[in-house]
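Engineer: The structure file data23.tsv (TSV, C-alpha atoms) is provided below.
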chain	number	residue	atom	x	y	z
O	248	MET	CA	50.97	-10.22	29.57
O	249	HIS	CA	48.83	-8.99	32.44
O	250	VAL	CA	47.06	-11.90	34.18
O	251	GLY	CA	44.29	-11.60	36.75
O	252	VAL	CA	40.62	-12.22	37.48
O	253	HIS	CA	37.11	-11.00	36.81
O	254	ILE	CA	35.70	-9.75	40.13
O	255	GLN	CA	32.04	-9.72	41.09
O	256	GLY	CA	30.74	-8.75	44.53
O	257	LEU	CA	34.24	-8.65	46.01
O	258	SER	CA	34.52	-7.82	49.72
O	259	ASP	CA	38.27	-7.62	50.37
O	260	VAL	CA	40.49	-6.16	47.66
O	261	ASN	CA	43.67	-7.21	49.49
O	262	GLU	CA	42.98	-10.82	48.48
O	263	LEU	CA	43.77	-9.80	44.91
O	264	ARG	CA	47.39	-8.82	45.47
O	265	GLY	CA	49.59	-10.75	43.08
O	266	PHE	CA	47.23	-10.31	40.12
O	267	ARG	CA	48.02	-7.73	37.42
O	268	ALA	CA	44.70	-7.35	35.60
O	269	PHE	CA	41.01	-7.17	36.51
O	270	THR	CA	37.66	-7.04	34.76
O	271	ILE	CA	35.31	-5.03	36.97
O	272	LEU	CA	31.55	-4.45	37.07
O	273	GLU	CA	29.89	-1.27	38.34
O	274	GLU	CA	29.03	-2.97	41.62
O	275	ASP	CA	32.73	-3.19	42.45
O	276	MET	CA	33.55	0.43	41.67
O	277	VAL	CA	34.09	0.92	45.41
O	278	HIS	CA	37.47	-0.78	44.94
O	279	TYR	CA	38.79	1.51	42.20
O	280	HIS	CA	40.59	3.86	44.55
O	281	SER	CA	42.34	1.04	46.46
O	282	LEU	CA	43.49	-0.70	43.28
O	283	ALA	CA	44.76	2.57	41.80
O	284	GLN	CA	47.11	3.04	44.77
O	285	TRP	CA	48.92	-0.27	44.36
O	286	SER	CA	52.65	0.23	43.81
O	287	GLU	CA	52.33	-1.74	40.55
O	288	GLN	CA	49.07	-0.41	39.18
O	289	PRO	CA	47.01	-3.17	37.52
O	290	MET	CA	45.31	-2.97	34.14
O	291	ILE	CA	41.52	-2.91	34.47
O	292	THR	CA	38.72	-3.54	32.00
O	293	LEU	CA	35.50	-1.75	32.92
O	294	ARG	CA	32.38	-3.76	32.21
O	295	PRO	CA	29.22	-1.68	32.60
O	296	TYR	CA	26.33	-4.11	32.55
O	297	HIS	CA	22.62	-4.13	31.80
O	298	LYS	CA	20.46	-7.17	31.04
O	299	ASP	CA	19.38	-5.49	27.80
O	300	VAL	CA	22.07	-2.97	26.91
O	301	MET	CA	20.82	-2.43	23.36
O	302	SER	CA	17.47	-1.18	24.69
O	303	HIS	CA	19.39	1.97	25.67
O	304	ASN	CA	19.99	4.86	23.33
O	305	PRO	CA	23.62	4.13	22.30
O	306	ARG	CA	24.71	7.73	22.83
O	307	VAL	CA	23.24	7.79	26.35
O	308	TRP	CA	24.93	4.47	27.13
O	309	ALA	CA	28.21	5.88	25.81
O	310	ARG	CA	27.99	8.88	28.14
O	311	MET	CA	27.38	6.55	31.09
O	312	CYS	CA	30.45	4.53	30.11
O	313	VAL	CA	32.60	7.64	29.79
O	314	ALA	CA	31.54	8.71	33.28
O	315	MET	CA	32.67	5.32	34.64
O	316	VAL	CA	36.05	5.64	32.96
O	317	HIS	CA	36.54	9.17	34.27
O	318	ARG	CA	35.79	7.96	37.80
O	319	CYS	CA	38.76	5.61	37.42
O	320	TYR	CA	41.00	8.47	36.33
O	321	GLN	CA	39.83	10.50	39.31
O	322	ALA	CA	40.65	7.58	41.61
O	323	GLY	CA	44.24	7.70	40.37
O	324	PHE	CA	44.37	5.24	37.49
O	325	THR	CA	46.55	6.26	34.58
O	326	ARG	CA	44.83	6.29	31.20
O	327	GLU	CA	46.87	3.44	29.77
O	328	ASN	CA	45.67	1.12	32.56
O	329	VAL	CA	41.93	1.57	31.97
O	330	ARG	CA	40.10	-0.19	29.14
O	331	LEU	CA	36.40	0.00	28.32
O	332	LYS	CA	34.22	-2.97	27.33
O	333	MET	CA	30.84	-1.40	26.51
O	334	ALA	CA	28.81	-4.61	26.18
O	335	ASN	CA	29.07	-8.36	26.57
O	336	GLU	CA	28.29	-11.32	24.28
O	337	LEU	CA	25.61	-9.52	22.30
O	338	ASN	CA	25.25	-12.49	19.96
O	339	LEU	CA	23.40	-14.32	22.78
O	340	ALA	CA	19.65	-13.88	23.20
O	341	ILE	CA	20.07	-13.87	26.99
O	342	GLU	CA	21.79	-10.47	26.71
O	343	HIS	CA	18.62	-9.01	25.18
O	344	ALA	CA	15.92	-9.31	27.84
O	345	LEU	CA	13.26	-7.59	25.73
O	346	GLU	CA	14.01	-9.50	22.50
O	347	GLN	CA	15.03	-12.98	23.53
O	348	ASN	CA	13.13	-14.56	20.66
O	349	PHE	CA	15.13	-12.66	18.04
O	350	ALA	CA	17.94	-14.54	16.25
O	351	TRP	CA	20.90	-12.45	17.38
O	352	ASP	CA	23.39	-14.98	15.98
O	353	SER	CA	22.07	-14.29	12.46
O	354	GLU	CA	23.23	-11.95	9.72
O	355	GLU	CA	20.46	-9.49	10.63
O	356	GLY	CA	21.37	-9.83	14.30
O	357	TYR	CA	25.04	-9.01	13.77
O	358	LYS	CA	24.08	-6.07	11.56
O	359	ARG	CA	21.82	-4.68	14.29
O	360	ILE	CA	24.58	-5.12	16.85
O	361	ASN	CA	27.09	-3.45	14.53
O	362	ASP	CA	24.83	-0.44	13.96
O	363	TRP	CA	24.29	0.04	17.70
O	364	LEU	CA	27.97	-0.38	18.59
O	365	GLU	CA	29.08	1.95	15.81
O	366	ILE	CA	27.07	4.79	17.34
O	367	ALA	CA	28.04	3.94	20.92
O	368	ILE	CA	31.78	3.52	20.34
O	369	SER	CA	31.99	6.57	18.09
O	370	GLU	CA	30.22	8.62	20.76
O	371	VAL	CA	32.78	7.59	23.37
O	372	GLN	CA	35.62	8.56	21.05
O	373	HIS	CA	33.90	11.86	20.28
O	374	ILE	CA	33.52	12.74	23.99
O	375	ASP	CA	37.04	11.68	24.99
O	376	SER	CA	39.28	10.45	22.19
O	377	MET	CA	41.95	9.30	24.67
O	378	ILE	CA	39.79	6.59	26.27
O	379	ILE	CA	40.97	3.09	25.39
O	380	VAL	CA	37.84	1.40	24.05
O	381	ASP	CA	37.81	-2.24	22.94
O	382	PHE	CA	35.41	-4.06	20.67
O	383	PRO	CA	33.16	-6.14	22.97
O	384	PRO	CA	33.49	-9.94	23.10
O	385	TRP	CA	31.21	-12.35	21.31
O	386	SER	CA	30.08	-15.57	22.93
O	387	PRO	CA	32.45	-18.05	21.25
O	388	GLY	CA	31.27	-21.02	19.22
O	389	HIS	CA	28.58	-19.35	17.14
O	390	ASN	CA	28.60	-17.53	13.79
O	391	GLU	CA	31.05	-14.89	14.96
O	392	ASP	CA	34.07	-16.42	13.22
O	393	LEU	CA	32.76	-19.03	10.76
O	394	PRO	CA	31.24	-18.00	7.40
O	395	VAL	CA	27.57	-18.75	6.80
O	396	GLN	CA	25.87	-18.52	3.42
O	397	GLY	CA	22.95	-16.11	3.40
O	398	LEU	CA	19.74	-16.40	1.43
O	399	ASP	CA	21.24	-14.16	-1.26
O	400	GLY	CA	24.17	-16.53	-1.70
O	401	ARG	CA	26.76	-14.27	-0.01
O	402	TRP	CA	28.92	-15.57	2.81
O	403	TRP	CA	29.10	-13.69	6.10
O	404	TYR	CA	30.33	-13.98	9.70
O	405	GLY	CA	30.01	-11.69	12.70
O	406	TYR	CA	33.53	-10.27	12.84
O	407	ASP	CA	33.42	-9.45	9.14
O	408	ILE	CA	30.09	-7.63	9.44
O	409	CYS	CA	31.56	-5.50	12.24
O	410	ARG	CA	34.99	-5.04	10.64
O	411	ASP	CA	34.75	-1.27	10.09
O	412	ILE	CA	33.90	-0.46	13.70
O	413	ILE	CA	36.50	-2.94	14.97
O	414	GLU	CA	39.17	-1.07	13.00
O	415	ILE	CA	38.65	2.11	15.03
O	416	CYS	CA	38.75	0.28	18.37
O	417	ASP	CA	41.96	0.03	20.38
O	418	GLY	CA	41.68	-3.71	20.86
O	419	ILE	CA	39.32	-6.67	20.85
O	420	GLN	CA	37.90	-8.35	23.95
O	421	VAL	CA	37.73	-12.13	23.63
O	422	HIS	CA	36.23	-15.02	25.62
O	423	ALA	CA	37.49	-18.61	25.64
O	424	TYR	CA	35.80	-21.58	27.34
O	425	TRP	CA	36.56	-25.25	27.15
O	426	LEU	CA	34.32	-28.23	27.82
O	427	PRO	CA	33.30	-29.23	31.38
O	428	ASP	CA	35.05	-32.59	30.85
O	429	GLY	CA	38.33	-30.78	30.26
O	430	LEU	CA	40.66	-30.24	27.33
O	431	ASP	CA	41.34	-32.56	24.43
O	432	TRP	CA	45.03	-31.61	24.64
O	433	GLY	CA	44.99	-31.57	20.84
O	434	PRO	CA	43.54	-29.94	17.71
O	435	GLY	CA	39.99	-30.34	19.02
O	436	ASP	CA	40.71	-27.50	21.45
O	437	PHE	CA	40.82	-25.06	18.52
O	438	TRP	CA	37.01	-25.19	18.69
O	439	TYR	CA	36.93	-24.41	22.42
O	440	GLY	CA	39.68	-23.09	24.72
O	441	LEU	CA	42.10	-22.34	21.88
O	442	ARG	CA	39.44	-21.09	19.45
O	443	PRO	CA	40.92	-17.53	19.28
O	444	ILE	CA	44.01	-18.93	17.49
O	445	ARG	CA	42.21	-21.53	15.33
O	446	PRO	CA	44.28	-21.96	12.15
O	447	VAL	CA	43.02	-20.44	8.90
O	448	GLY	CA	41.20	-23.04	6.78
O	449	MET	CA	40.80	-25.57	9.58
O	450	LYS	CA	37.14	-26.30	8.74
O	451	ASP	CA	37.18	-25.51	5.02
O	452	VAL	CA	38.68	-23.07	2.52
O	453	ARG	CA	36.40	-20.26	3.73
O	454	ASP	CA	37.39	-20.61	7.39
O	455	PRO	CA	39.16	-17.31	8.32
O	456	GLY	CA	40.58	-18.83	11.50
O	457	GLY	CA	40.17	-17.53	15.02
O	458	VAL	CA	39.94	-13.85	15.87
O	459	PHE	CA	43.71	-13.57	16.41
O	460	ASN	CA	44.13	-14.51	12.74
O	461	ILE	CA	41.23	-12.42	11.46
O	462	PHE	CA	42.72	-9.29	13.06
O	463	PRO	CA	46.46	-10.00	13.38
O	464	ALA	CA	47.44	-6.39	14.07
O	465	HIS	CA	44.98	-5.84	16.92
O	466	GLN	CA	45.66	-6.12	20.62
O	467	MET	CA	43.61	-8.85	22.31
O	468	ILE	CA	42.23	-8.94	25.85
O	469	LEU	CA	41.01	-12.30	27.11
O	470	SER	CA	38.45	-10.93	29.55
O	471	GLU	CA	36.88	-14.34	30.31
O	472	PHE	CA	38.33	-17.86	30.25
O	473	ASN	CA	37.22	-20.94	32.18
O	474	ARG	CA	35.28	-24.19	32.22
O	475	ASN	CA	32.72	-25.44	34.73
O	476	LEU	CA	34.54	-26.70	37.79
O	477	ALA	CA	33.64	-29.98	39.46
O	478	GLU	CA	34.36	-30.46	43.15
O	479	GLY	CA	37.91	-31.66	43.74
O	480	ASP	CA	39.40	-31.22	40.26
O	481	TYR	CA	41.20	-27.91	40.91
O	482	MET	CA	44.64	-29.43	40.40
O	483	ASP	CA	43.73	-30.74	36.95
O	484	TYR	CA	42.02	-27.45	36.18
O	485	SER	CA	45.14	-25.46	37.12
O	486	THR	CA	47.15	-27.47	34.59
O	487	GLU	CA	44.57	-26.80	31.88
O	488	MET	CA	44.47	-23.11	32.72
O	489	GLU	CA	48.24	-22.82	32.45
O	490	TRP	CA	48.32	-24.63	29.08
O	491	VAL	CA	45.61	-22.44	27.55
O	492	LEU	CA	47.14	-19.16	28.76
O	493	LYS	CA	50.66	-20.02	27.66
O	494	ILE	CA	49.55	-21.07	24.18
O	495	LEU	CA	47.21	-18.11	23.61
O	496	GLY	CA	49.89	-15.76	24.92
O	497	GLY	CA	52.53	-17.15	22.55
O	498	PHE	CA	54.70	-18.60	25.32
O	499	GLU	CA	54.30	-22.22	24.16
O	500	VAL	CA	53.57	-23.93	20.85
O	501	GLY	CA	50.04	-25.28	20.51
O	502	PRO	CA	48.72	-28.47	18.87
O	503	ASP	CA	49.96	-29.18	15.34
O	504	GLY	CA	52.74	-26.62	15.83
O	505	VAL	CA	50.35	-23.64	15.87
O	506	GLU	CA	51.92	-20.58	17.48
O	507	ALA	CA	50.18	-17.41	18.67
O	508	LYS	CA	51.86	-14.10	17.95
O	509	LYS	CA	53.84	-12.93	20.99
O	510	ASN	CA	52.43	-9.81	22.65
O	511	GLN	CA	49.15	-9.87	20.73
O	512	LEU	CA	47.38	-11.03	23.88
O	513	ILE	CA	48.12	-8.30	26.39
O	514	ALA	CA	45.83	-9.26	29.28
O	515	ALA	CA	43.78	-12.21	30.53
O	516	THR	CA	41.25	-12.21	33.38
O	517	HIS	CA	39.79	-15.45	34.68
O	518	PHE	CA	36.01	-15.67	34.99
O	519	LEU	CA	35.76	-15.51	37.91
O	520	TYR	CA	37.22	-14.99	41.37
O	521	GLU	CA	34.11	-15.02	43.55
O	522	THR	CA	30.43	-14.27	43.09
O	523	PRO	CA	27.28	-13.79	45.16
O	524	TYR	CA	25.18	-15.31	42.35
O	525	ASP	CA	24.35	-19.03	42.43
O	526	HIS	CA	24.34	-19.44	38.64
O	527	HIS	CA	27.99	-18.38	38.48
O	528	LYS	CA	29.36	-20.27	41.48
O	529	ALA	CA	30.57	-23.20	39.33
O	530	PHE	CA	33.09	-20.82	37.75
O	531	ALA	CA	34.50	-19.23	40.94
O	532	ILE	CA	38.02	-20.19	42.05
O	533	ARG	CA	38.34	-18.31	45.36
O	534	ASP	CA	39.65	-20.56	48.15
O	535	THR	CA	40.98	-23.12	45.65
O	536	SER	CA	44.49	-24.07	44.59
O	537	ALA	CA	43.72	-22.52	41.19
O	538	VAL	CA	44.11	-19.04	42.73
O	539	THR	CA	47.69	-19.80	43.76
O	540	LYS	CA	48.43	-21.16	40.29
O	541	LEU	CA	46.94	-18.12	38.59
O	542	LYS	CA	48.98	-15.73	40.74
O	543	THR	CA	52.11	-17.71	39.86
O	544	LEU	CA	51.24	-17.35	36.19
O	545	ALA	CA	50.62	-13.62	36.66
O	546	ASP	CA	54.21	-13.26	37.82
O	547	GLU	CA	55.71	-15.70	35.32
O	548	LEU	CA	54.00	-14.42	32.17
O	549	LYS	CA	54.64	-10.74	32.76
O	550	GLY	CA	58.12	-11.42	31.39
O	551	GLY	CA	56.52	-11.76	27.97
O	552	GLU	CA	56.46	-7.99	27.67
O	553	SER	CA	60.24	-7.68	27.82
O	554	ASN	CA	60.71	-7.31	24.06
O	555	MET	CA	58.56	-4.14	24.03
O	556	ALA	CA	60.68	-1.06	24.59
O	557	THR	CA	59.25	1.80	26.64
O	558	ILE	CA	60.01	5.02	24.78
O	559	GLU	CA	60.09	8.46	26.37
O	560	ILE	CA	58.38	11.02	24.13
O	561	PRO	CA	58.70	14.72	25.01
O	562	ASP	CA	55.41	16.34	25.98
O	563	GLU	CA	55.70	18.96	23.25
O	564	ILE	CA	55.95	16.23	20.60
O	565	VAL	CA	52.94	14.41	22.04
O	566	ASP	CA	50.96	17.65	22.04
O	567	LEU	CA	51.96	18.33	18.43
O	568	VAL	CA	50.83	14.89	17.27
O	569	ARG	CA	47.54	15.26	19.09
O	570	GLU	CA	46.91	18.72	17.67
O	571	ASP	CA	47.70	17.66	14.10
O	572	LEU	CA	45.22	14.80	14.35
O	573	LYS	CA	42.66	16.37	16.67
O	574	GLU	CA	39.99	16.55	13.99
O	575	VAL	CA	40.55	12.93	13.00
O	576	LEU	CA	40.54	11.54	16.53
O	577	GLU	CA	37.59	13.53	17.82
O	578	HIS	CA	35.25	13.23	14.82
O	579	PRO	CA	34.72	9.61	13.71
O	580	ASP	CA	32.93	10.68	10.51
O	581	VAL	CA	35.96	12.66	9.43
O	582	TYR	CA	38.19	9.74	10.42
O	583	GLY	CA	36.10	7.38	8.31
O	584	ALA	CA	36.34	9.66	5.27
O	585	TRP	CA	40.07	10.15	5.81
O	586	ARG	CA	40.92	6.46	5.69
O	587	GLY	CA	38.98	6.32	2.42
O	588	ALA	CA	38.45	3.50	0.03
O	589	LYS	CA	42.11	2.50	-0.38
O	590	GLY	CA	42.60	0.98	3.05
O	591	HIS	CA	42.59	1.71	6.73
O	592	LEU	CA	44.56	2.65	9.77
O	593	ASN	CA	44.66	-0.35	12.03
O	594	SER	CA	44.21	-0.10	15.76
O	595	GLY	CA	47.93	-0.16	16.57
O	596	PHE	CA	48.55	3.04	14.65
O	597	VAL	CA	45.50	4.74	16.16
O	598	GLN	CA	46.85	3.68	19.55
O	599	PHE	CA	50.14	5.37	18.71
O	600	LEU	CA	48.40	8.55	17.69
O	601	LYS	CA	46.73	8.60	21.09
O	602	ALA	CA	50.21	8.49	22.61
O	603	THR	CA	50.83	9.33	26.24
O	604	ALA	CA	54.20	10.54	27.48
O	605	ARG	CA	55.31	6.89	27.80
O	606	MET	CA	54.32	4.17	25.40
O	607	PRO	CA	55.45	0.60	24.60
O	608	VAL	CA	56.40	0.33	20.97
O	609	SER	CA	59.15	-0.98	18.71
O	610	ILE	CA	60.19	-0.25	15.15
O	611	GLU	CA	59.18	-3.80	14.20
O	612	ASP	CA	55.68	-3.17	15.51
O	613	LEU	CA	55.39	0.06	13.57
O	614	GLU	CA	56.44	-1.57	10.31
O	615	GLY	CA	53.05	-3.23	9.97
O	616	LEU	CA	50.88	-0.45	11.35
O	617	VAL	CA	49.94	1.27	8.13
O	618	VAL	CA	48.19	-1.22	5.89
O	619	THR	CA	47.62	1.18	3.02
O	620	GLY	CA	47.09	4.90	2.73
O	621	GLY	CA	48.27	8.18	1.36
O	622	GLY	CA	51.05	10.56	2.24
O	623	ASP	CA	49.51	11.64	5.55
O	624	LEU	CA	49.71	8.13	6.99
O	625	ASN	CA	53.22	7.56	5.72
O	626	GLU	CA	54.30	10.89	7.15
O	627	MET	CA	52.95	9.94	10.57
O	628	LEU	CA	54.76	6.61	10.41
O	629	ALA	CA	57.97	8.48	9.60
O	630	ILE	CA	57.42	10.74	12.62
O	631	ALA	CA	56.83	7.68	14.80
O	632	LYS	CA	60.07	6.07	13.67
O	633	ARG	CA	62.03	9.27	14.25
O	634	LEU	CA	60.67	9.47	17.80
O	635	ILE	CA	61.78	5.91	18.49
O	636	GLU	CA	65.21	6.25	16.93
O	637	SER	CA	65.89	9.60	18.59
O	638	PRO	CA	63.18	10.20	21.21
O	639	GLN	CA	64.70	13.38	22.61
O	640	SER	CA	65.21	15.13	19.25
Transcribe the structure of this file into structure tokens.
Structural biologist:
Amino acid sequence: MHVGVHIQGLSDVNELRGFRAFTILEEDMVHYHSLAQWSEQPMITLRPYHKDVMSHNPRVWARMCVAMVHRCYQAGFTRENVRLKMANELNLAIEHALEQNFAWDSEEGYKRINDWLEIAISEVQHIDSMIIVDFPPWSPGHNEDLPVQGLDGRWWYGYDICRDIIEICDGIQVHAYWLPDGLDWGPGDFWYGLRPIRPVGMKDVRDPGGVFNIFPAHQMILSEFNRNLAEGDYMDYSTEMEWVLKILGGFEVGPDGVEAKKNQLIAATHFLYETPYDHHKAFAIRDTSAVTKLKTLADELKGGESNMATIEIPDEIVDLVREDLKEVLEHPDVYGAWRGAKGHLNSGFVQFLKATARMPVSIEDLEGLVVTGGGDLNEMLAIAKRLIESPQS
């Protein structure tokens, strides 16, 4: 797992050495080139921001996002180390400056968000199908992951409304916050810091569980985690931070014996390192003992990737796979028709089809990649397995 920090208004990039992942706003793009030259290149999540992102034409916003990603490539970042988060916590009214009185955490709100994101994400994939684009994070603790009964009697929740667009994303960005008073150190934390791995059925029979359980085959990126910090409690906070990361990452067993799937959480960035904005200063950990602890965790938890084999794939094979699926990857409408009514490709298989010359994958991972589908999907899975078993053939 890649562990690091969310940076905002950073002045000296050298302070960040020891971290392996960053979430970065446009204002810190000046640091892209320096970070790209590190001997161990970090994973970065790009977070373009606007106080009312959905007031933009989604296709125009997508083109802006693509330009940001391409600037990272030009600075020297490899494609596999750059992820795109196109928006942030759109289920909060505060993220919609022009429509703050609208109920964004409602069924209609999630449908509006879904429609906008579907156009925006599909446009990114149409412009450059090799960009790694994640489904944006919800603000946790709302109707994103708990069913609500609508006026027509049907039950809904945010992730379910957006399921189709999530399936064509490469991963899901997630936020996790616990209470200012600290952790419960028990099952109560499944509603706060450990909410992403909340067990299925914890509230009632309709409870789908946390997002890790709703989408078990998707990669997860914890792009924000924290609680409000009180002066002098950094030592206690460091202990809490370690516990949450190790449980969400599958390194330790959680309350009631709940275990997260190993390697589902691939990166975690603390919100945040430092900030010039007063309303965020309670979250910043610069110049505290928590920074040292987080860097220790960044080194310790990277060992969790050891059971993922890095496979060399000849360039001509990669090119062949890309060419065979060019129409599918570059035209989302065709992709949507291709997956059809029987089932879907999940994000892991799409990620494989976007393969670079080096990719982390194992036969066990591939076993669950095709949920259902026709001969074309099964044929691609067979090709994938042959590449792993005999990568130079």
Engineer: Please, what distance in Å, to one decimal, runs between CA of Glu499 in chain O and CA of His249 in chain O?
Structural biologist: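 Computing it gives 16.5 Å between the two atoms.
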Engineer: For Trp363 in chain O, find every residue with an atom within 10 Å (counting only C-alpha atoms), except residues of its own chain fewer than 6 positions away, and show them as a list in words.
Structural biologist: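 Counting only C-alpha atoms, the residues come to Val300, Met301, Ser302, His303, Asn304, Pro305, Arg306 and Tyr357 of chain O.
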Engineer: Just want the 12 Å neighbourhood of range 523-526 of chain O, counted on all atoms listed in the file, with same-chain residues fewer than 5 positions away dropped. Output as a ChimeraX atom specification.
Structural biologist: /O:254-258,274,475,531,533
Engineer: One decimal, in Å: what's the spacing between CA of Glu414 in chain O and CA of Glu336 in chain O?
Structural biologist: 18.7 Å
Engineer: Rounded to one decimal place, report the CA of Ile412 in chain O-CA of Pro463 in chain O distance in Å.
Structural biologist: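 So the answer is 15.8 Å.
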